[in-house]
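Down below is the structure, laid out as structure tokens.
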Amino acid sequence: YVSLLGTLCLVCLRWRSRSSFTTDMVMTTFEIGVKMSSIRDLPIYLTTSNGREHIIKVFCHLFNKYWGSDSIVNLVGYEQPNMDLPDNFNFISMGEQVGGIQMWSTDLRKFFLEQECDHFIHVLDDQFVTAPVRFDIMQDSYDVMLERDAVRLNLGNIREDDGRVRNGKVSVIESRDEYDILEFDQDAEYRISTAWSIWNRRYYLKYLPPDRNPWEYELVGSTEAYHDGASHLCCD
């Protein structure tokens, strides 16, 4: 099987939050209001919280090693990290971090409501890229996403160590020599996920109500998204 990002370290993010934010510093390579056709032009949002410098340092190093330092990453958090960020990492503050983990979704919703892109890449700070990225496969999969008007493209490894599909039921929709492009079934687990993904912004916001922690976002949101008719894709 093929993972677009190599092997990802998927550790549950211990996040807390609430407040206002600023968006005037957002650095992206897309033109507002235009659906981007190049994977390289999609804005990347890396979300974090205070006190995560030890995690962010590892993420930055591995991202630039395996993805490349020519891509801009918008690091979205609260207080400016007490560290030197690489030149391609741009920090955006959502304001003061107030409240507990139950407020996880509140500030993210406020932030993404202000963004005007059709699609974006979202990742949490502890989901590391640990192998060279296959941009050719990612671009092909993104093209299929746009052609099919899909709402999410999962970019990570979908299988467990024993070969089982991590997110449940999938069906092959297009086959290539090296890989298949698949669609998650309507009752697949984790249709709503914090994993590395390309999202349709409107759909992302639909299942990002205020006052949910990350686990509720995934578990409750996935239940709400069962049989909603939306297409979620991945690669294998």
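To be explicit about the labels: the chains of the structure tokens are called A, B, and onward in the order shown, and within each one the residues are counted from 1, while ligands get numbers from 1 in the order they are shown.
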For range 62-73 of chain A: contacts at 7 Å, only C-alpha atoms, fewer than 6 positions along chain excluded, given as a count of residues only: 13
As number ranges by chain, please: every residue in range 120-236 of chain A that DSSP puts in helix (DSSP H, G or I). A: 135-147, 201-206, 214-225
Would you output that residue set with N, CA, C and O atoms, as a tab-separated table (two decimals), in the first residue's frame?
chain	number	residue	atom	x	y	z
A	135	PHE	N	4.43	13.57	-4.05
A	135	PHE	CA	3.58	14.64	-4.57
A	135	PHE	C	2.84	14.23	-5.83
A	135	PHE	O	1.75	14.74	-6.10
A	136	ASP	N	3.42	13.32	-6.61
A	136	ASP	CA	2.75	12.86	-7.82
A	136	ASP	C	1.46	12.13	-7.49
A	136	ASP	O	0.41	12.36	-8.11
A	137	ILE	N	1.52	11.28	-6.47
A	137	ILE	CA	0.32	10.54	-6.05
A	137	ILE	C	-0.67	11.49	-5.39
A	137	ILE	O	-1.89	11.40	-5.62
A	138	MET	N	-0.16	12.41	-4.58
A	138	MET	CA	-1.04	13.36	-3.92
A	138	MET	C	-1.77	14.23	-4.94
A	138	MET	O	-2.97	14.49	-4.81
A	139	GLN	N	-1.05	14.69	-5.96
A	139	GLN	CA	-1.68	15.51	-6.99
A	139	GLN	C	-2.75	14.75	-7.74
A	139	GLN	O	-3.85	15.26	-7.99
A	140	ASP	N	-2.44	13.51	-8.11
A	140	ASP	CA	-3.42	12.67	-8.81
A	140	ASP	C	-4.67	12.48	-7.96
A	140	ASP	O	-5.81	12.60	-8.44
A	141	SER	N	-4.47	12.20	-6.68
A	141	SER	CA	-5.60	11.99	-5.78
A	141	SER	C	-6.41	13.27	-5.59
A	141	SER	O	-7.65	13.23	-5.53
A	142	TYR	N	-5.71	14.39	-5.53
A	142	TYR	CA	-6.41	15.69	-5.39
A	142	TYR	C	-7.21	16.00	-6.65
A	142	TYR	O	-8.32	16.53	-6.58
A	143	ASP	N	-6.65	15.67	-7.83
A	143	ASP	CA	-7.39	15.86	-9.07
A	143	ASP	C	-8.70	15.06	-9.05
A	143	ASP	O	-9.76	15.57	-9.45
A	144	VAL	N	-8.63	13.83	-8.57
A	144	VAL	CA	-9.83	13.00	-8.47
A	144	VAL	C	-10.80	13.60	-7.46
A	144	VAL	O	-12.02	13.61	-7.67
A	145	MET	N	-10.27	14.14	-6.36
A	145	MET	CA	-11.11	14.79	-5.37
A	145	MET	C	-11.92	15.92	-6.00
A	145	MET	O	-13.13	16.04	-5.77
A	146	LEU	N	-11.25	16.74	-6.79
A	146	LEU	CA	-11.94	17.86	-7.44
A	146	LEU	C	-12.93	17.38	-8.49
A	146	LEU	O	-14.05	17.90	-8.58
A	147	GLU	N	-12.54	16.37	-9.27
A	147	GLU	CA	-13.42	15.85	-10.31
A	147	GLU	C	-14.71	15.28	-9.73
A	147	GLU	O	-15.79	15.43	-10.29
A	201	ARG	N	-13.57	23.41	2.71
A	201	ARG	CA	-13.75	24.25	3.90
A	201	ARG	C	-15.18	24.26	4.41
A	201	ARG	O	-15.43	24.20	5.62
A	202	ARG	N	-16.14	24.37	3.50
A	202	ARG	CA	-17.53	24.43	3.96
A	202	ARG	C	-17.94	23.14	4.67
A	202	ARG	O	-18.64	23.17	5.69
A	203	TYR	N	-17.50	22.02	4.14
A	203	TYR	CA	-17.83	20.74	4.79
A	203	TYR	C	-17.12	20.63	6.13
A	203	TYR	O	-17.70	20.17	7.12
A	204	TYR	N	-15.86	21.05	6.18
A	204	TYR	CA	-15.10	21.02	7.43
A	204	TYR	C	-15.84	21.79	8.52
A	204	TYR	O	-15.98	21.32	9.66
A	205	LEU	N	-16.33	22.96	8.18
A	205	LEU	CA	-17.03	23.78	9.16
A	205	LEU	C	-18.37	23.19	9.57
A	205	LEU	O	-18.85	23.39	10.70
A	206	LYS	N	-19.00	22.45	8.69
A	206	LYS	CA	-20.29	21.84	8.98
A	206	LYS	C	-20.21	20.93	10.20
A	206	LYS	O	-21.16	20.85	11.00
A	214	PRO	N	-11.30	17.31	20.88
A	214	PRO	CA	-10.91	16.59	19.66
A	214	PRO	C	-11.57	15.23	19.50
A	214	PRO	O	-11.88	14.80	18.39
A	215	TRP	N	-11.79	14.53	20.61
A	215	TRP	CA	-12.38	13.20	20.53
A	215	TRP	C	-13.86	13.28	20.19
A	215	TRP	O	-14.37	12.48	19.41
A	216	GLU	N	-14.56	14.26	20.74
A	216	GLU	CA	-15.96	14.47	20.37
A	216	GLU	C	-16.07	14.91	18.91
A	216	GLU	O	-16.99	14.50	18.21
A	217	TYR	N	-15.13	15.76	18.50
A	217	TYR	CA	-15.12	16.19	17.10
A	217	TYR	C	-15.09	14.98	16.17
A	217	TYR	O	-15.83	14.92	15.18
A	218	GLU	N	-14.23	14.01	16.47
A	218	GLU	CA	-14.11	12.83	15.62
A	218	GLU	C	-15.27	11.85	15.82
A	218	GLU	O	-15.90	11.41	14.84
A	219	LEU	N	-15.56	11.50	17.06
A	219	LEU	CA	-16.53	10.43	17.32
A	219	LEU	C	-17.97	10.89	17.09
A	219	LEU	O	-18.74	10.23	16.38
A	220	VAL	N	-18.33	12.01	17.69
A	220	VAL	CA	-19.69	12.53	17.51
A	220	VAL	C	-19.87	13.01	16.07
A	220	VAL	O	-20.89	12.74	15.42
A	221	GLY	N	-18.85	13.72	15.57
A	221	GLY	CA	-18.93	14.22	14.21
A	221	GLY	C	-19.05	13.12	13.19
A	221	GLY	O	-19.82	13.23	12.21
A	222	SER	N	-18.32	12.02	13.38
A	222	SER	CA	-18.40	10.90	12.44
A	222	SER	C	-19.79	10.28	12.44
A	222	SER	O	-20.33	9.92	11.38
A	223	THR	N	-20.38	10.15	13.62
A	223	THR	CA	-21.75	9.63	13.70
A	223	THR	C	-22.72	10.54	12.97
A	223	THR	O	-23.60	10.08	12.24
A	224	GLU	N	-22.55	11.84	13.15
A	224	GLU	CA	-23.41	12.81	12.46
A	224	GLU	C	-23.21	12.76	10.95
A	224	GLU	O	-24.13	13.07	10.18
A	225	ALA	N	-21.99	12.39	10.53
A	225	ALA	CA	-21.67	12.39	9.10
A	225	ALA	C	-21.99	11.08	8.40
A	225	ALA	O	-21.84	10.99	7.17
Would you list, as a PyMOL selection string, the residues of range 1-235 of chain A that end up in strand (DSSP E or B) under DSSP run on this structure's backbone? chain A and resi 4+6+8-10+44-47+73-77+89-93+119-124+127-129+152-154+159+165+170-175+180-184+197-200+232-235
Would you kindly return, as a PyMOL selection string, each protein, DNA or RNA residue with an atom no farther than 8 Å from any atom of Ser105 in chain A, considering only C-alpha atoms and excluding same-chain residues fewer than 5 positions away? chain A and resi 208-214+217
Kindly save the residues from that selection, with C-alpha atoms included, as a CSV table (one decimal), in the first residue's frame.
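Output (out.csv):
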chain,number,residue,atom,x,y,z
A,208,LEU,CA,-16.9,21.7,13.6
A,209,PRO,CA,-19.4,23.2,16.0
A,210,PRO,CA,-18.2,25.1,19.1
A,211,ASP,CA,-17.5,23.5,22.4
A,212,ARG,CA,-16.2,20.1,21.3
A,213,ASN,CA,-12.9,18.5,22.3
A,214,PRO,CA,-10.9,16.6,19.7
A,217,TYR,CA,-15.1,16.2,17.1
Could you pull the residues within 12 Å of range 171-177 of chain A, counting only C-alpha atoms, minus those fewer than 2 positions along the same chain, as a VMD selection string? chain A and resid 1 to 2 136 to 137 140 to 141 143 to 145 148 165 168 to 169 179 to 188 231 to 236
Go ahead and save the picked residues with C-alpha atoms, as a PDB file, in the first residue's frame.
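Saved the output as out_29.pdb:
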ATOM      1  CA  TYR A   1       0.000   0.000   0.000  1.00  0.00           C
ATOM      2  CA  VAL A   2       1.020   3.617  -0.447  1.00  0.00           C
ATOM      3  CA  ASP A 136       2.747  12.859  -7.816  1.00  0.00           C
ATOM      4  CA  ILE A 137       0.325  10.542  -6.048  1.00  0.00           C
ATOM      5  CA  ASP A 140      -3.425  12.675  -8.810  1.00  0.00           C
ATOM      6  CA  SER A 141      -5.603  11.987  -5.780  1.00  0.00           C
ATOM      7  CA  ASP A 143      -7.391  15.856  -9.075  1.00  0.00           C
ATOM      8  CA  VAL A 144      -9.830  13.000  -8.472  1.00  0.00           C
ATOM      9  CA  MET A 145     -11.114  14.793  -5.367  1.00  0.00           C
ATOM     10  CA  ARG A 148     -15.728  13.962  -7.959  1.00  0.00           C
ATOM     11  CA  VAL A 165      -7.950  -0.561   7.077  1.00  0.00           C
ATOM     12  CA  GLY A 168     -13.228   0.954   8.272  1.00  0.00           C
ATOM     13  CA  LYS A 169     -14.921   0.289   4.954  1.00  0.00           C
ATOM     14  CA  TYR A 179      -1.746   2.420  -5.953  1.00  0.00           C
ATOM     15  CA  ASP A 180      -5.520   2.669  -5.780  1.00  0.00           C
ATOM     16  CA  ILE A 181      -7.693   5.670  -5.017  1.00  0.00           C
ATOM     17  CA  LEU A 182     -10.465   4.681  -2.655  1.00  0.00           C
ATOM     18  CA  GLU A 183     -13.658   6.122  -1.241  1.00  0.00           C
ATOM     19  CA  PHE A 184     -14.727   5.601   2.342  1.00  0.00           C
ATOM     20  CA  ASP A 185     -18.154   4.018   2.612  1.00  0.00           C
ATOM     21  CA  GLN A 186     -20.977   6.101   4.042  1.00  0.00           C
ATOM     22  CA  ASP A 187     -20.831   4.190   7.327  1.00  0.00           C
ATOM     23  CA  ALA A 188     -17.025   4.033   7.590  1.00  0.00           C
ATOM     24  CA  SER A 231     -17.468  11.646  -0.671  1.00  0.00           C
ATOM     25  CA  HIS A 232     -14.306  11.031   1.407  1.00  0.00           C
ATOM     26  CA  LEU A 233     -11.231   9.719  -0.410  1.00  0.00           C
ATOM     27  CA  CYS A 234      -7.901   8.116   0.444  1.00  0.00           C
ATOM     28  CA  CYS A 235      -5.044   6.305  -1.263  1.00  0.00           C
ATOM     29  CA  ASP A 236      -3.731   2.770  -0.767  1.00  0.00           C
TER      30      ASP A 236
END
Please compute the CA of Gly51 in chain A-CA of Gly156 in chain A distance, one decimal, in Å.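 Going from CA of Gly51 in chain A over to CA of Gly156 in chain A, I get 25.9 Å.
If you look at CA of Met94 in chain A and CA of Tyr78 in chain A, they are 5.2 Å away from each other.
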One decimal, in Å: what's the spacing between CA of Asn74 in chain A and CA of Cys117 in chain A?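 Taking CA of Asn74 in chain A as the start and CA of Cys117 in chain A as the end point, the length is 13.7 Å.
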Which is closer to Trp196 in chain A than all the others in A:Asp125, A:Val151, A:Glu116, A:His227, using only C-alpha atoms? A:Asp125
